[in-house]
Amino acid sequence: MQDLAELTAAARPSGVLRAWRVRARREAPTWLLAAAIYAGWACLTWFYDSVPWWLALPLGAWLVAWQSSFQHEAVHGHPSRHRRLNAALAWPPLGLWMPYAIYRDSHLAHHRSPALTDPRADPESFYVPREVWAALRRPVRAILIANNTLAGRMIFGPWLTVGRFWAGEMRRLLAGDVRHARAWLLHLALCAPVLVWVTVACGIPVLEYVLVFVWPGLSLTLLRSFTEHRPAGSQDTRSAIVESGPLMRLLFLNNNLHALHHARPDLPWYALPAEYRRRRGDILRTNGGYLFAGGYLEIARRFALAPKDLPVHPD
């Protein structure tokens with residue numbers, strides 16, 4: 001009987017394996033999300049010639065923006081506890097323009113920033129310091145002000161975002177800083193199979209892929225970040241809550257509940273709504289009532305052509 005008991009115990013999964021299975025079941029929504037994104041992208045590109053442009057464009061934009069939301073989850077440790085596995089899942093560069101590793105490091109630095117929105121401390125700030133603003137020419141100021149309208153953010157935003165990022169990377173390289181070189185080499189290596197699939201297997205010209213998938217996908221992502229932060233007096237009041245509908249919540253993986261995400265960056269996307277419902281009053285008191293109860297339609301009504309604020313940082 002003792003031998004049988006020992007054999008039975010040995011046949012049971014270890015504690016580590018049991019914990020892995022529990023986490024895998026809990027993270028099933030994120031695993032399914034990753035499968036949906038990559039399967040959807042593969043199907044849309046493969047059948048691209050059969051899809052009218054007016055349908056291909058919103059679907060392509062959705063999938064690229066959706067992958068950006070998934071990459072955000074991977075940065076915060078989902079769906080697995082293994083950083084390399086999460087990176088492998090998030091690294092395929094469907095959006096082409098930015099290496100995942102650089103985004104990961106920049107976003108984690110954004111969360112560690114003691115002064116959100118301050119361009120001297122927050123790598124994801126859309127604002128410029130006063131001294132820089134004073135030196136800018138009027139046409140550049142006008143473009144930056146337009147970028148603080150929702151229409152401007154979605155039209156000019158991709159150009160400004162990609163241009164600023166690439167210019168910063170070039171300055172870094174010319175200054176002899178090669179810390180990002182490995183990330184870029186891996187990124188370029190991974191871009192190759194994406195572009196071979198798109199151009200050779202699916203027959204989509206590179207420029208057309210950029211115009212139908214990449215650029216509108218980045219515009220959608222910039223819609224999410226448009227009101228995420230404001231340069232308010234205290235750190236806790238600088239992150240917004242956007243109470244959006246189910247479609248936009250799914251696209252942004254509940255990152256519209258941004259004040260909660262900054263308070264609990266460990267929570268996976270599917271756990272945020274229940275936590276928000278439970279703590280709504282406390283969250284809105286803490287963030288100073290920075291709330292858009294009407295969702296992204298309210299944001300569009302208020303800021304489609306009107307700047308939400310000036311792009312010069314007040315500090």
# chains A, B, ... in the order shown; residues from 1 in each chain; ligands from 1
$ residues_around --residues "Leu260 of chain A" --least-positions-apart "6" --cutoff "9 Å" --atoms "only C-alpha atoms" --output "JSON, numbers by chain"
{"A": [239, 240, 241, 272, 275, 276, 283]}
$ select_by_dssp --residues "segment 141-296 of chain A" --states "strand (DSSP E or B)" --output "VMD selection string"
chain A and resid 229 239 241 to 242 291 to 292
$ closest_residue --among "A:Arg302, A:His187, A:Arg172, A:His262" --to "Leu108 of chain A" --atoms "only C-alpha atoms"
A:His262
$ residues_around --residues "segment 284-296 of chain A" --least-positions-apart "4" --cutoff "9 Å" --atoms "only C-alpha atoms" --output "PyMOL selection string"
chain A and resi 223-224+230+234-245+248+256+259+279-280+300-301
$ residues_around --residues "Leu190 of chain A" --least-positions-apart "4" --cutoff "7 Å" --atoms "only C-alpha atoms" --output "ChimeraX atom specification"
/A:92-93,186,194
$ write_last_selection --atoms "C-alpha atoms" --output "PDB file, in the first residue's frame"
ATOM      1  CA  PRO A  92       5.799  40.356 -34.517  1.00  0.00           C
ATOM      2  CA  PRO A  93       5.970  43.910 -35.929  1.00  0.00           C
ATOM      3  CA  LEU A 186      15.912  41.973 -34.121  1.00  0.00           C
ATOM      4  CA  VAL A 194       6.079  40.196 -42.189  1.00  0.00           C
TER       5      VAL A 194
END
$ closest_residue --among "A:Phe70, A:Phe226, A:Trp184, A:Trp53" --to "Glu124 of chain A" --atoms "only C-alpha atoms"
A:Phe226
$ atom_distance --atom1 "atom CA of Pro268 of chain A" --atom2 "atom CA of Ser125 of chain A"
23.8 Å
$ residues_around --residues "Pro216 of chain A" --least-positions-apart "4" --cutoff "12 Å" --atoms "only C-alpha atoms" --output "list in words"
Ala56, Leu57, Pro58, Leu59, Gly60, Ala61, Trp62, Leu63, Val64, Ala65, Trp66, Gly95, Arg153, Met154, Ile155, Phe156, Gly157, Pro158, Trp159, Glu208, Tyr209, Val210, Leu211, Val212, Leu220, Thr221, Leu222 and Leu223 of chain A
$ residues_around --residues "segment 97-106 of chain A" --least-positions-apart "4" --cutoff "9 Å" --atoms "only C-alpha atoms" --output "PyMOL selection string"
chain A and resi 71-72+74-76+87+90-93+110-111+122-124+162+165-166+180+183-184+186-188+214
$ write_last_selection --atoms "N, CA, C and O atoms" --output "tab-separated table (two decimals), in the first residue's frame"
chain	number	residue	atom	x	y	z
A	71	GLN	N	0.34	44.20	-27.01
A	71	GLN	CA	1.73	44.44	-26.62
A	71	GLN	C	1.80	45.13	-25.27
A	71	GLN	O	2.69	44.85	-24.45
A	72	HIS	N	0.86	46.03	-25.03
A	72	HIS	CA	0.80	46.69	-23.72
A	72	HIS	C	0.57	45.67	-22.60
A	72	HIS	O	1.18	45.76	-21.53
A	74	ALA	N	1.46	42.51	-22.72
A	74	ALA	CA	2.70	41.73	-22.61
A	74	ALA	C	3.74	42.47	-21.79
A	74	ALA	O	4.47	41.87	-20.99
A	75	VAL	N	3.83	43.78	-21.96
A	75	VAL	CA	4.77	44.59	-21.18
A	75	VAL	C	4.50	44.43	-19.68
A	75	VAL	O	5.43	44.36	-18.87
A	76	HIS	N	3.22	44.31	-19.32
A	76	HIS	CA	2.85	44.22	-17.91
A	76	HIS	C	2.72	42.79	-17.40
A	76	HIS	O	2.10	42.54	-16.36
A	87	ALA	N	7.33	38.43	-24.69
A	87	ALA	CA	7.97	39.20	-25.76
A	87	ALA	C	7.82	38.49	-27.10
A	87	ALA	O	7.53	39.11	-28.13
A	90	ALA	N	4.43	39.06	-28.43
A	90	ALA	CA	4.11	40.45	-28.78
A	90	ALA	C	5.03	41.03	-29.85
A	90	ALA	O	4.73	42.08	-30.40
A	91	TRP	N	6.13	40.35	-30.14
A	91	TRP	CA	7.17	40.98	-30.96
A	91	TRP	C	6.84	41.08	-32.45
A	91	TRP	O	7.35	41.99	-33.12
A	92	PRO	N	6.04	40.21	-33.07
A	92	PRO	CA	5.80	40.36	-34.52
A	92	PRO	C	5.41	41.79	-34.86
A	92	PRO	O	4.39	42.31	-34.37
A	93	PRO	N	6.18	42.47	-35.70
A	93	PRO	CA	5.97	43.91	-35.93
A	93	PRO	C	4.92	44.19	-36.99
A	93	PRO	O	5.23	44.67	-38.09
A	110	HIS	N	7.70	55.14	-18.27
A	110	HIS	CA	6.52	56.00	-18.13
A	110	HIS	C	5.80	55.69	-16.81
A	110	HIS	O	5.41	56.62	-16.08
A	111	HIS	N	5.66	54.43	-16.48
A	111	HIS	CA	4.99	54.06	-15.23
A	111	HIS	C	5.82	54.44	-14.01
A	111	HIS	O	5.27	54.70	-12.95
A	122	ASP	N	8.86	62.06	-18.37
A	122	ASP	CA	7.92	61.08	-18.89
A	122	ASP	C	8.20	60.84	-20.38
A	122	ASP	O	7.96	61.71	-21.21
A	123	PRO	N	8.72	59.66	-20.75
A	123	PRO	CA	9.06	59.41	-22.15
A	123	PRO	C	7.85	59.32	-23.08
A	123	PRO	O	8.02	59.35	-24.30
A	124	GLU	N	6.64	59.24	-22.53
A	124	GLU	CA	5.44	59.16	-23.37
A	124	GLU	C	4.65	60.46	-23.36
A	124	GLU	O	3.49	60.50	-23.79
A	162	VAL	N	5.85	59.02	-35.19
A	162	VAL	CA	6.90	58.24	-35.84
A	162	VAL	C	8.13	59.11	-36.13
A	162	VAL	O	9.26	58.70	-35.89
A	165	PHE	N	10.05	59.80	-32.91
A	165	PHE	CA	10.72	58.59	-32.43
A	165	PHE	C	11.94	58.27	-33.29
A	165	PHE	O	13.04	58.03	-32.77
A	166	TRP	N	11.79	58.27	-34.61
A	166	TRP	CA	12.91	57.95	-35.48
A	166	TRP	C	14.02	59.00	-35.37
A	166	TRP	O	15.21	58.66	-35.40
A	180	HIS	N	20.32	50.60	-28.21
A	180	HIS	CA	19.12	50.11	-28.88
A	180	HIS	C	19.43	49.29	-30.13
A	180	HIS	O	18.50	48.84	-30.82
A	183	ALA	N	17.93	45.75	-30.29
A	183	ALA	CA	16.48	45.77	-30.48
A	183	ALA	C	16.13	46.08	-31.93
A	183	ALA	O	15.22	45.47	-32.51
A	184	TRP	N	16.87	47.01	-32.54
A	184	TRP	CA	16.60	47.35	-33.93
A	184	TRP	C	16.97	46.22	-34.87
A	184	TRP	O	16.24	45.95	-35.85
A	186	LEU	N	16.95	42.99	-34.23
A	186	LEU	CA	15.91	41.97	-34.12
A	186	LEU	C	14.63	42.44	-34.78
A	186	LEU	O	13.94	41.67	-35.48
A	187	HIS	N	14.30	43.71	-34.59
A	187	HIS	CA	13.09	44.26	-35.20
A	187	HIS	C	13.15	44.15	-36.73
A	187	HIS	O	12.18	43.71	-37.37
A	188	LEU	N	14.27	44.55	-37.30
A	188	LEU	CA	14.41	44.49	-38.76
A	188	LEU	C	14.36	43.05	-39.25
A	188	LEU	O	13.77	42.76	-40.30
A	214	VAL	N	-1.07	50.14	-41.23
A	214	VAL	CA	-0.16	50.71	-40.23
A	214	VAL	C	-0.61	52.10	-39.78
A	214	VAL	O	-0.77	52.34	-38.57
$ atom_distance --atom1 "atom CA of Pro114 of chain A" --atom2 "atom CA of Pro79 of chain A"
27.5 Å
$ atom_distance --atom1 "atom CA of Leu33 of chain A" --atom2 "atom CA of Asn254 of chain A"
13.3 Å
$ select_by_dssp --residues "segment 30-233 of chain A" --states "helix (DSSP H, G or I)" --output "ChimeraX atom specification"
/A:30-46,48-50,53-75,83-90,100-112,130-135,138-146,150-155,157-174,181-201,206-225
$ closest_residue --among "A:Ala274, A:Val312, A:Leu297, A:Asp266" --to "Arg81 of chain A" --atoms "only C-alpha atoms"
A:Asp266
